[in-house]
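Structure file upload09.txt with compact mmCIF, C-alpha atoms:
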```
# COMPACT_ATOMS: atom_id res chain seq x y z
CA MET A 1 7.88 -14.90 0.88
CA LYS A 2 8.14 -12.40 3.74
CA GLN A 3 4.98 -10.39 4.40
CA GLU A 4 4.56 -7.45 6.74
CA LEU A 5 1.18 -6.13 7.88
CA SER A 6 0.51 -3.27 10.30
CA TYR A 7 -2.47 -3.00 12.66
CA ALA A 8 -3.47 -0.07 14.86
CA VAL A 9 -5.07 -0.95 18.21
CA GLU A 10 -7.11 1.82 19.81
CA ILE A 11 -6.36 2.75 23.44
CA LYS A 12 -9.64 3.41 25.22
CA HIS A 13 -10.52 6.13 27.76
CA ILE A 14 -7.31 8.11 27.25
CA ASP A 15 -6.99 11.87 26.92
CA LYS A 16 -3.81 13.54 28.28
CA LEU A 17 -1.90 10.51 29.58
CA PHE A 18 0.75 10.44 26.80
CA ARG A 19 1.39 14.18 26.46
CA LYS A 20 4.32 14.45 28.88
CA THR A 21 5.97 11.27 27.53
CA ASN A 22 5.58 12.51 23.98
CA LYS A 23 6.97 15.95 24.91
CA ILE A 24 10.09 14.49 26.60
CA TYR A 25 10.64 12.12 23.66
CA ASN A 26 10.60 14.95 21.09
CA GLU A 27 12.76 17.25 23.25
CA ALA A 28 15.33 14.45 23.48
CA ILE A 29 15.29 13.96 19.69
CA SER A 30 15.79 17.72 19.14
CA PHE A 31 18.77 17.63 21.53
CA CYS A 32 20.28 14.61 19.73
CA VAL A 33 19.77 16.08 16.24
CA ASP A 34 21.62 19.22 17.34
CA VAL A 35 24.50 17.26 18.92
CA PHE A 36 24.88 14.69 16.12
CA GLU A 37 24.84 17.43 13.46
CA LYS A 38 27.77 19.15 15.20
CA ASN A 39 29.67 15.82 15.10
CA TRP A 40 28.49 14.70 11.65
CA ASN A 41 32.01 14.71 10.18
CA ASP A 42 32.86 11.86 12.58
CA LEU A 43 29.51 10.08 12.16
CA LYS A 44 29.03 10.16 8.38
CA ASP A 45 31.75 7.60 7.60
CA LEU A 46 30.45 5.06 10.13
CA SER A 47 28.05 2.30 9.12
CA LEU A 48 24.39 2.66 10.13
CA ALA A 49 23.60 -1.01 9.35
CA ASP A 50 26.43 -2.35 11.58
CA LYS A 51 25.34 -0.06 14.45
CA GLU A 52 28.67 1.81 14.38
CA GLN A 53 26.86 5.13 14.14
CA TYR A 54 24.62 4.21 17.08
CA GLN A 55 27.51 3.13 19.31
CA TYR A 56 29.47 6.33 18.64
CA SER A 57 26.35 8.48 19.14
CA ASP A 58 25.46 6.78 22.40
CA LYS A 59 28.92 7.54 23.79
CA LEU A 60 28.48 11.21 22.90
CA ILE A 61 25.41 11.72 25.12
CA HIS A 62 25.32 8.89 27.68
CA SER A 63 27.89 8.36 30.45
CA THR A 64 28.77 4.92 31.80
CA LYS A 65 31.44 3.57 34.16
CA SER A 66 33.82 3.08 31.23
CA ASN A 67 32.79 6.15 29.23
CA LYS A 68 32.44 9.83 30.04
CA ALA A 69 29.99 11.53 27.65
CA LYS A 70 31.11 14.54 25.65
CA TYR A 71 27.64 16.06 26.20
CA PRO A 72 26.61 15.08 29.77
CA GLU A 73 23.71 17.56 29.61
CA PHE A 74 21.56 14.81 28.06
CA ASP A 75 21.64 12.62 31.19
CA LYS A 76 21.04 15.64 33.44
CA LYS A 77 18.14 17.00 31.38
CA PHE A 78 16.47 13.61 30.80
CA HIS A 79 17.00 12.01 34.19
CA LYS A 80 16.03 8.32 34.58
CA LEU A 81 15.17 8.03 30.87
CA PRO A 82 14.58 4.30 30.10
CA SER A 83 17.51 2.79 28.19
CA TYR A 84 15.31 1.36 25.41
CA LEU A 85 13.64 4.72 24.89
CA ARG A 86 17.11 6.25 24.50
CA ILE A 87 17.80 3.66 21.78
CA ALA A 88 14.64 4.76 19.93
CA ILE A 89 15.62 8.44 20.29
CA ILE A 90 19.14 7.88 18.90
CA ASN A 91 17.85 5.74 15.99
CA ALA A 92 15.18 8.32 15.08
CA SER A 93 17.75 11.14 15.14
CA LEU A 94 20.32 9.24 13.04
CA GLY A 95 17.67 8.15 10.55
CA TYR A 96 16.55 11.74 10.03
CA LEU A 97 20.13 13.11 9.70
CA ASN A 98 21.14 10.41 7.18
CA SER A 99 18.08 11.27 5.10
CA TYR A 100 18.75 15.02 5.38
CA HIS A 101 22.40 14.77 4.27
CA SER A 102 21.49 12.39 1.45
CA ASN A 103 18.93 14.92 0.13
CA LEU A 104 21.47 17.72 0.55
CA ASN A 105 24.11 15.82 -1.48
CA ASN A 106 21.57 15.10 -4.24
CA TRP A 107 20.61 18.80 -4.31
CA ASN A 108 24.28 19.82 -4.71
CA GLU A 109 24.89 17.20 -7.42
CA ASN A 110 21.87 18.44 -9.41
CA GLY A 111 23.32 21.94 -9.64
CA CYS A 112 21.38 23.36 -6.65
CA GLU A 113 18.05 23.23 -8.51
CA GLY A 114 14.86 23.76 -6.53
CA ARG A 115 14.57 24.47 -2.83
CA LYS A 116 17.54 23.64 -0.62
CA PRO A 117 16.80 20.98 2.07
CA THR A 118 16.63 22.53 5.53
CA LEU A 119 17.54 20.96 8.86
CA GLN A 120 14.52 20.56 11.13
CA LYS A 121 15.01 19.99 14.85
CA ASN A 122 11.36 19.72 15.89
CA LEU A 123 10.43 16.43 14.19
CA HIS A 124 7.16 15.64 16.06
CA LYS A 125 7.94 11.92 16.28
CA MET A 126 5.99 9.33 18.28
CA PRO A 127 7.75 7.03 20.79
CA VAL A 128 8.43 3.33 20.25
CA PHE A 129 7.69 0.96 23.15
CA TYR A 130 10.24 -1.88 23.18
CA LYS A 131 9.16 -5.12 24.82
CA SER A 132 9.92 -5.81 28.51
CA ASN A 133 11.63 -2.44 29.01
CA MET A 134 8.79 -0.22 27.74
CA TYR A 135 5.73 -2.50 27.45
CA LYS A 136 4.51 -5.81 28.80
CA ASP A 137 2.31 -8.42 27.10
CA PHE A 138 -1.47 -8.23 26.73
CA LYS A 139 -3.65 -9.45 29.56
CA ASP A 140 -7.46 -9.28 29.50
CA ASP A 141 -7.54 -6.56 26.82
CA THR A 142 -4.99 -4.45 28.69
CA ILE A 143 -1.31 -3.64 28.24
CA LYS A 144 1.31 -2.10 30.54
CA LEU A 145 3.34 0.84 29.21
CA LYS A 146 6.18 2.75 30.85
CA LEU A 147 5.20 6.43 30.80
CA PHE A 148 6.36 9.65 32.42
CA ILE A 149 3.69 10.31 35.03
CA ASN A 150 3.83 11.94 38.50
CA ASN A 151 7.35 13.25 37.70
CA ASP A 152 8.78 9.75 37.24
CA TRP A 153 8.83 6.84 34.79
CA ASN A 154 6.14 4.43 35.98
CA TRP A 155 4.25 1.42 34.62
CA VAL A 156 0.72 2.35 33.60
CA GLN A 157 -1.99 -0.15 32.62
CA VAL A 158 -4.18 0.97 29.71
CA LYS A 159 -7.25 -0.68 28.19
CA LEU A 160 -7.24 -1.68 24.50
CA LYS A 161 -10.18 -2.11 22.15
CA HIS A 162 -11.26 -5.77 22.18
CA THR A 163 -12.28 -5.97 18.50
CA ASP A 164 -8.85 -4.66 17.39
CA LEU A 165 -7.10 -7.35 19.42
CA VAL A 166 -9.37 -10.06 17.96
CA SER A 167 -8.49 -8.97 14.40
CA ILE A 168 -4.76 -9.22 15.24
CA GLN A 169 -5.19 -12.69 16.79
CA LYS A 170 -6.90 -13.93 13.61
CA LYS A 171 -3.88 -12.88 11.54
CA THR A 172 -1.23 -14.38 13.83
CA ASN A 173 0.12 -17.90 14.25
CA LYS A 174 3.01 -19.47 16.14
CA ASP A 175 5.55 -18.29 13.50
CA THR A 176 4.31 -14.67 13.36
CA LYS A 177 6.65 -12.04 14.79
CA ILE A 178 5.07 -8.96 16.39
CA SER A 179 7.18 -5.80 16.41
CA ALA A 180 7.46 -3.20 19.16
CA PRO A 181 4.41 -0.91 18.96
CA ILE A 182 4.59 2.75 17.91
CA LEU A 183 2.29 5.32 19.49
CA GLU A 184 -0.09 7.14 17.12
CA HIS A 185 -2.42 10.11 17.61
CA LYS A 186 -5.13 10.41 15.00
CA ASN A 187 -8.56 12.08 15.01
CA LYS A 188 -8.25 12.87 18.74
CA LYS A 189 -7.67 9.17 19.51
CA TRP A 190 -4.56 7.28 20.64
CA PHE A 191 -3.41 4.03 19.00
CA LEU A 192 -0.62 1.48 19.28
CA ARG A 193 0.52 0.32 15.84
CA PHE A 194 2.00 -3.20 15.64
CA VAL A 195 3.80 -4.68 12.62
CA LEU A 196 3.23 -8.41 12.04
CA THR A 197 5.93 -10.24 10.08
CA ASP A 198 5.13 -13.66 8.64
CA ASN A 199 6.51 -16.05 6.03
CA VAL A 200 3.80 -16.80 3.46
CA LYS A 201 4.06 -19.70 1.03
CA LEU A 202 2.59 -18.85 -2.41
CA ASN A 203 1.30 -21.57 -4.73
CA SER A 204 3.72 -22.83 -7.38
CA LYS A 205 1.39 -24.66 -9.76
CA ASN A 206 2.17 -25.05 -13.43
CA TYR A 207 0.16 -22.72 -15.71
CA LYS A 208 -1.77 -25.76 -17.06
CA GLU A 209 -3.26 -26.40 -13.62
CA GLN A 210 -3.91 -22.76 -12.74
CA LYS A 211 -7.20 -20.90 -12.50
CA VAL A 212 -6.89 -17.14 -12.79
CA CYS A 213 -9.22 -14.30 -11.89
CA ALA A 214 -8.78 -11.53 -14.46
CA VAL A 215 -9.90 -8.11 -13.22
CA ASP A 216 -10.74 -5.09 -15.34
CA LEU A 217 -10.94 -2.03 -13.06
CA GLY A 218 -13.14 0.78 -14.32
CA ILE A 219 -14.77 4.09 -13.43
CA ASN A 220 -18.35 3.24 -14.45
CA THR A 221 -18.25 -0.38 -13.20
CA ASP A 222 -15.88 -0.72 -10.26
CA ALA A 223 -14.50 -4.11 -11.32
CA THR A 224 -15.37 -6.81 -13.86
CA CYS A 225 -13.97 -10.26 -13.09
CA CYS A 226 -13.79 -13.54 -14.99
CA ILE A 227 -12.39 -16.93 -13.97
CA MET A 228 -10.41 -18.69 -16.71
CA LYS A 229 -8.31 -21.81 -17.19
CA SER A 230 -5.27 -22.13 -19.46
CA ASP A 231 -7.30 -23.82 -22.26
CA GLY A 232 -9.62 -20.79 -22.43
CA THR A 233 -12.49 -22.30 -20.42
CA ILE A 234 -14.45 -19.56 -18.63
CA LEU A 235 -15.72 -20.76 -15.26
CA GLY A 236 -17.33 -17.64 -13.84
CA ARG A 237 -18.05 -13.93 -14.26
CA LYS A 238 -18.87 -11.15 -11.81
CA PHE A 239 -19.65 -7.42 -12.01
CA ILE A 240 -18.64 -5.53 -8.85
CA ASN A 241 -20.31 -2.14 -8.51
CA PHE A 242 -20.99 -0.15 -5.33
CA SER A 243 -23.28 2.47 -6.85
CA SER A 244 -24.59 3.87 -3.52
CA ASP A 245 -21.03 4.56 -2.29
CA LYS A 246 -20.14 6.31 -5.54
CA ASP A 247 -23.34 8.38 -5.35
CA LEU A 248 -22.36 9.49 -1.85
CA ILE A 249 -18.90 10.58 -3.06
CA THR A 250 -20.40 12.40 -6.07
CA HIS A 251 -22.92 14.16 -3.80
CA THR A 252 -20.06 15.30 -1.53
CA LEU A 253 -18.01 16.56 -4.50
CA ASN A 254 -21.01 18.56 -5.72
CA LYS A 255 -21.31 20.10 -2.24
CA ILE A 256 -17.63 21.07 -2.41
CA LYS A 257 -18.11 22.64 -5.83
CA LYS A 258 -21.05 24.77 -4.66
CA LYS A 259 -19.26 25.86 -1.49
CA GLN A 260 -16.12 26.82 -3.44
CA GLN A 261 -18.21 29.03 -5.72
CA LYS A 262 -19.85 30.84 -2.79
CA GLU A 263 -16.99 30.85 -0.25
CA SER A 264 -13.22 30.41 -0.09
CA PRO A 265 -11.76 26.99 -1.08
CA GLN A 266 -10.15 26.83 2.39
CA ASN A 267 -13.59 26.33 3.94
CA THR A 268 -14.05 22.96 2.20
CA SER A 269 -11.30 21.04 4.06
CA LYS A 270 -13.84 19.12 6.20
CA LEU A 271 -15.86 18.07 3.13
CA TRP A 272 -12.67 16.96 1.34
CA ARG A 273 -11.76 14.77 4.35
CA TYR A 274 -15.25 13.28 4.24
CA ALA A 275 -14.95 12.55 0.49
CA LYS A 276 -11.47 11.03 0.91
CA PHE A 277 -12.64 8.79 3.76
CA HIS A 278 -15.51 7.37 1.68
CA ASN A 279 -13.26 7.01 -1.37
CA ASP A 280 -10.74 4.97 0.64
CA ASN A 281 -13.59 2.91 2.09
CA LEU A 282 -14.87 2.22 -1.45
CA ALA A 283 -11.42 1.01 -2.54
CA THR A 284 -11.31 -1.40 0.43
CA LYS A 285 -14.78 -2.78 -0.40
CA ILE A 286 -13.86 -3.35 -4.07
CA ALA A 287 -10.61 -5.10 -3.12
CA GLN A 288 -12.36 -7.36 -0.60
CA SER A 289 -15.01 -8.34 -3.17
CA ILE A 290 -12.31 -9.27 -5.72
CA VAL A 291 -10.45 -11.44 -3.19
CA ASP A 292 -13.68 -13.10 -1.99
CA PHE A 293 -14.71 -13.96 -5.57
CA SER A 294 -11.23 -15.40 -6.27
CA LYS A 295 -11.33 -17.43 -3.06
CA GLU A 296 -14.80 -18.84 -3.86
CA ASN A 297 -13.50 -20.16 -7.18
CA ASP A 298 -10.18 -21.50 -5.78
CA CYS A 299 -8.07 -19.22 -7.98
CA ASP A 300 -4.28 -19.40 -7.99
CA VAL A 301 -3.53 -16.02 -9.58
CA ILE A 302 -5.29 -12.64 -9.74
CA VAL A 303 -4.40 -10.70 -12.91
CA PHE A 304 -4.63 -6.91 -13.25
CA GLU A 305 -3.72 -4.40 -15.92
CA TYR A 306 -0.64 -2.30 -15.29
CA LEU A 307 -2.27 1.14 -15.03
CA ASN A 308 0.12 4.08 -15.26
CA MET A 309 -1.78 7.36 -15.45
CA LYS A 310 0.82 9.92 -14.36
CA GLY A 311 0.56 13.52 -15.48
CA LYS A 312 -2.20 16.09 -15.60
CA LYS A 313 -5.71 14.82 -16.30
CA LYS A 314 -7.79 16.57 -18.93
CA GLY A 315 -11.38 16.49 -20.10
CA SER A 316 -14.78 16.33 -18.42
CA LYS A 317 -13.87 13.24 -16.34
CA LYS A 318 -10.59 14.56 -14.92
CA GLN A 319 -11.97 14.72 -11.36
CA LYS A 320 -13.26 11.13 -11.56
CA LEU A 321 -9.85 9.99 -12.83
CA SER A 322 -8.10 11.83 -9.98
CA MET A 323 -10.37 10.20 -7.40
CA TRP A 324 -10.02 6.73 -8.99
CA LYS A 325 -8.13 4.55 -6.49
CA LYS A 326 -6.99 1.86 -8.95
CA ASN A 327 -3.48 1.49 -7.45
CA THR A 328 -4.83 1.38 -3.89
CA ILE A 329 -7.24 -1.40 -4.89
CA GLN A 330 -4.41 -3.41 -6.43
CA LYS A 331 -2.18 -3.00 -3.35
CA ILE A 332 -4.95 -4.09 -0.97
CA VAL A 333 -5.78 -7.10 -3.19
CA GLU A 334 -2.09 -8.03 -3.35
CA THR A 335 -1.77 -8.01 0.45
CA LYS A 336 -4.96 -10.03 1.01
CA ALA A 337 -4.19 -12.47 -1.83
CA HIS A 338 -0.66 -13.20 -0.58
CA ASN A 339 -2.10 -13.89 2.84
CA LEU A 340 -4.23 -16.63 1.22
CA GLY A 341 -1.34 -18.01 -0.87
CA MET A 342 -2.55 -16.53 -4.17
CA ARG A 343 -0.21 -14.75 -6.55
CA VAL A 344 -0.87 -11.38 -8.22
CA SER A 345 0.28 -10.59 -11.75
CA ARG A 346 -0.02 -7.61 -14.11
CA ILE A 347 -0.15 -7.38 -17.89
CA CYS A 348 0.10 -4.52 -20.37
CA ALA A 349 -3.18 -2.57 -20.51
CA CYS A 350 -2.80 -1.48 -24.14
CA ASN A 351 -5.80 -2.47 -26.32
CA THR A 352 -7.48 -4.77 -23.78
CA SER A 353 -10.76 -2.83 -24.08
CA LYS A 354 -10.16 -1.60 -27.62
CA LEU A 355 -9.97 -5.07 -29.21
CA ALA A 356 -12.89 -7.54 -29.27
CA PHE A 357 -12.25 -10.80 -27.44
CA ASP A 358 -13.35 -12.87 -30.49
CA GLY A 359 -10.55 -11.46 -32.66
CA SER A 360 -12.88 -9.46 -34.94
CA GLY A 361 -10.85 -6.25 -34.47
CA GLU A 362 -11.50 -2.89 -32.82
CA VAL A 363 -14.79 -2.13 -31.09
CA LEU A 364 -17.04 0.94 -31.15
CA ARG A 365 -18.34 2.43 -27.90
CA GLY A 366 -20.99 4.93 -26.87
CA SER A 367 -22.30 7.36 -29.48
CA LYS A 368 -19.95 5.99 -32.16
CA ALA A 369 -21.85 2.70 -31.98
CA ASN A 370 -25.28 4.41 -31.52
CA LEU A 371 -25.43 3.11 -27.94
CA ASN A 372 -26.82 5.02 -24.94
CA THR A 373 -24.20 3.68 -22.54
CA TYR A 374 -20.42 3.54 -22.58
CA GLU A 375 -20.42 0.16 -20.82
CA LEU A 376 -21.51 -1.69 -24.00
CA CYS A 377 -19.62 -1.91 -27.27
CA LYS A 378 -20.26 -3.06 -30.82
CA PHE A 379 -17.90 -5.50 -32.54
CA SER A 380 -17.07 -5.12 -36.23
CA ASN A 381 -19.32 -8.13 -36.96
CA GLY A 382 -22.30 -6.27 -35.39
CA LYS A 383 -22.29 -8.13 -32.06
CA ILE A 384 -23.21 -6.08 -28.94
CA TYR A 385 -21.26 -7.06 -25.81
CA ASN A 386 -20.15 -5.69 -22.45
CA CYS A 387 -16.86 -3.93 -23.08
CA ASP A 388 -15.39 -4.53 -19.60
CA LEU A 389 -16.21 -8.24 -19.74
CA SER A 390 -14.53 -8.51 -23.14
CA ALA A 391 -11.47 -6.74 -21.66
CA SER A 392 -11.32 -9.19 -18.73
CA TYR A 393 -11.19 -12.13 -21.21
CA ASN A 394 -8.29 -10.44 -23.01
CA ILE A 395 -6.47 -9.79 -19.71
CA ALA A 396 -6.65 -13.47 -18.69
CA ALA A 397 -5.66 -14.58 -22.19
CA ARG A 398 -2.56 -12.37 -22.24
CA TYR A 399 -1.45 -13.76 -18.90
CA PHE A 400 -1.65 -17.37 -20.15
CA ILE A 401 0.04 -16.47 -23.46
CA ARG A 402 2.96 -15.00 -21.50
CA GLU A 403 3.19 -18.10 -19.26
CA ILE A 404 3.09 -20.44 -22.26
CA GLN A 405 5.87 -18.47 -23.96
CA LYS A 406 8.02 -18.66 -20.80
CA SER A 407 7.74 -22.46 -20.70
CA THR A 408 8.39 -22.89 -24.46
CA SER A 409 11.82 -22.92 -26.10
CA GLU A 410 12.66 -20.15 -28.58
CA ARG A 411 12.83 -22.60 -31.46
CA GLU A 412 9.35 -24.00 -30.74
CA TRP A 413 7.95 -20.50 -30.21
CA SER A 414 9.27 -19.30 -33.57
CA LEU A 415 7.42 -22.22 -35.25
CA ILE A 416 4.22 -21.29 -33.36
CA LEU A 417 4.55 -17.66 -34.52
CA THR A 418 4.37 -18.76 -38.13
CA LYS A 419 1.00 -20.41 -37.45
CA VAL A 420 -0.51 -17.79 -35.08
CA LEU A 421 0.46 -14.40 -36.48
CA ALA A 422 -1.30 -12.38 -33.75
CA LEU A 423 1.32 -13.58 -31.24
CA GLY A 424 3.92 -11.38 -32.95
CA LYS A 425 2.79 -8.40 -30.86
CA ARG A 426 1.53 -8.96 -27.31
CA THR A 427 -0.59 -5.78 -27.32
CA LYS A 428 -2.62 -7.24 -30.21
CA CYS A 429 -3.34 -10.54 -28.46
CA THR A 430 -6.94 -11.34 -27.47
CA TYR A 431 -8.91 -14.25 -26.03
CA ASN A 432 -9.25 -15.66 -29.55
CA THR A 433 -5.44 -15.68 -29.86
CA LEU A 434 -5.21 -17.94 -26.79
CA LEU A 435 -7.73 -20.39 -28.34
CA GLU A 436 -5.71 -20.51 -31.58
CA LEU A 437 -2.49 -21.01 -29.61
CA ASN A 438 -3.96 -23.96 -27.71
CA LYS A 439 -5.05 -25.58 -31.00
CA VAL A 440 -1.48 -25.32 -32.36
CA ILE A 441 0.04 -26.70 -29.14
```

Mind turning this structure into structure tokens?
Amino acid sequence: MKQELSYAVEIKHIDKLFRKTNKIYNEAISFCVDVFEKNWNDLKDLSLADKEQYQYSDKLIHSTKSNKAKYPEFDKKFHKLPSYLRIAIINASLGYLNSYHSNLNNWNENGCEGRKPTLQKNLHKMPVFYKSNMYKDFKDDTIKLKLFINNDWNWVQVKLKHTDLVSIQKKTNKDTKISAPILEHKNKKWFLRFVLTDNVKLNSKNYKEQKVCAVDLGINTDATCCIMKSDGTILGRKFINFSSDKDLITHTLNKIKKKQQKESPQNTSKLWRYAKFHNDNLATKIAQSIVDFSKENDCDVIVFEYLNMKGKKKGSKKQKLSMWKKNTIQKIVETKAHNLGMRVSRICACNTSKLAFDGSGEVLRGSKANLNTYELCKFSNGKIYNCDLSASYNIAARYFIREIQKSTSEREWSLILTKVLALGKRTKCTYNTLLELNKVI
């Protein structure tokens, strides 16, 4: 499968070097947006994918020996503009106009509901540096970029952060394609963002030979993992919990709450950035721990619950639910797992925690079971067990039940259903159901 990863490399000891280049780039885009909008009736029917739009647009603003531009002001205003930078400017302008007119058509088709899309000419884009024409290869932690400096377009050598380059080199091989870098400005620092494209081969083992890592993501315990084989053998368990990081986020949220009560909510923007940074960092740590545990146990698949929690949150834990980065964790794990050749799968989350893994029925949690913590639960047979661990068993079991059903004919499956009644509804399946299914098979 094709995998794309992006890496930002910091440019060291830079302050105002890119300002003039960035200013010219955005002025050129504003000029092109204005010109292309005036000629949109001619452009809209041309294909963007086949570069017909680009070729027509280029002829509008750029004069050659065989073509006289309709708007020669572009060449006069942006004298000696590198040809590859002009390509980036035209593509950025056409991309924005296609998006704008698509949104405008959708707005008209929906009966003009909501706010009408407006045409923006100041897009605040960052330039793309195409290879050879705009940038030259790395050499001793440096790179050469063509920039507008001293009233002309000159090659400038800039120093890159060594550790960022090392991390890129670790992820690349002879088949990896590195895209043209895009300039970024973030937190008063300048970066070059590269996109690495690689073909990754994922394992294609039969479910009988697979080992899966089932993950139950939670708010109290960050992640509970178990390693399971198709016959129900449990090979390992792990509780992942970064309590100190969560305490730091909670402490910051309490600071925000107190400041909002005393002052205006607008004065808490810095604290919110601080909380968001640590929350994103926590998600990265959790994801890395899940992948490391899966790698240690030579897993072939990582299984998650499909968690869809759209809509307004209610109750005392609504802020915790809003800050919970469950989808971010899954995306990071998916990227890292694919890089190692592991697959990622998701199952329905309904009743994974509600049903006991031993098939004894629904569980009781917290005060309903006379327990001081919500992490433990009581089965109907009186057994006390960790609720998240029980859920992880059920998650792995449902994955294998689905794989077994895929590889079984409908006639054979209908005979199995008569012997294992719990298989009739997937949301009622537990770890015990998988054991019964294996006995029948």

Q: Considering only C-alpha atoms, state which residue in the set A:Phe400, A:Val363, A:Arg346, A:Lys51 is at the smallest distance from Ile384 (chain A).
A: A:Val363

Q.
Counting only C-alpha atoms, which residues have an atom no more than 12 Å from (-9.9, -2.2, 1.6) in the file's coordinates? Please list them as a VMD selection string.
A. chain A and resid 277 to 291 325 to 336

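Relative to CA of Glu362 (chain A), CA of Asn220 (chain A) is found at 20.5 Å.
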
(Q) Would you compute the distance between CA of Gln3 (chain A) and CA of Asp300 (chain A)? Give it in Å to one decimal. (A) 17.9 Å

**Q.** Residue nearest Asp292 (chain A) - candidates A:Lys131, A:Lys238, A:Lys354, A:Lys139, atoms counted: all atoms listed in the file
**A.**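 Among the listed residues, A:Lys238 lies closest to Asp292 (chain A).
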
Q) When you draw a straight line from CA of Ser30 (chain A) to CA of Val158 (chain A), how long is it in Å? A)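 Computing the Euclidean distance for CA of Ser30 (chain A) and CA of Val158 (chain A) yields 28.1 Å.
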
(Q) Env of Gln210 (chain A): 7 Å cut, atoms = all atoms listed in the file, seq-sep filter 4 positions within chain, self excluded. Answer as a VMD selection string. (A) chain A and resid 205 to 206 229 to 230 300

**Q.** Residue among A:Leu17, A:Leu202, A:Leu437, A:Leu145 lying closest to Met342 (chain A), counting all atoms listed in the file
**A.**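 Answer, going by the shortest atom-to-atom distance: A:Leu202.
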
Q.
What's around Trp40 (chain A) at 12 Å? Count all atoms listed in the file, leave out sequence neighbours fewer than 3 positions away in its own chain, and write the answer as a ChimeraX atom specification.
A. /A:32-37,43-46,53,56-57,60,93-94,97-98,100-101

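Among the candidates A:Val301, A:Leu376, A:Ile143, A:Leu423, the one nearest to Val9 (chain A) when counting all atoms listed in the file is A:Ile143.
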
(Q) Just checking: using only C-alpha atoms, which residue out of A:Ala28, A:Ser360, A:Thr352, A:Ile302 ends up closest to Arg426 (chain A)? (A)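 The answer is A:Thr352, which sits nearest to Arg426 (chain A).
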
Q | Residue nearest Thr433 (chain A) among A:Glu296, A:Glu4, A:Asp198, A:Asp358 (counting only C-alpha atoms) | A | A:Asp358

**Q.** All residues 8 Å or closer to Ile219 (chain A), all atoms listed in the file, same chain fewer than 3 positions away omitted, as JSON, numbers by chain
**A.** {"A": [222, 320, 321, 324]}

Q. Neighbours of Lys270 (chain A) within 10 Å (all atoms listed in the file; same-chain residues fewer than 5 positions away dropped), as an MDAnalysis selection string?
A. chainID A and resid 256 275:276

I need the chosen residues saved as a CSV table (one decimal), keeping the file's coordinate frame, with C-alpha atoms.
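File again_26.csv, as written:
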```csv
chain,number,residue,atom,x,y,z
A,256,ILE,CA,-17.6,21.1,-2.4
A,275,ALA,CA,-15.0,12.6,0.5
A,276,LYS,CA,-11.5,11.0,0.9
```
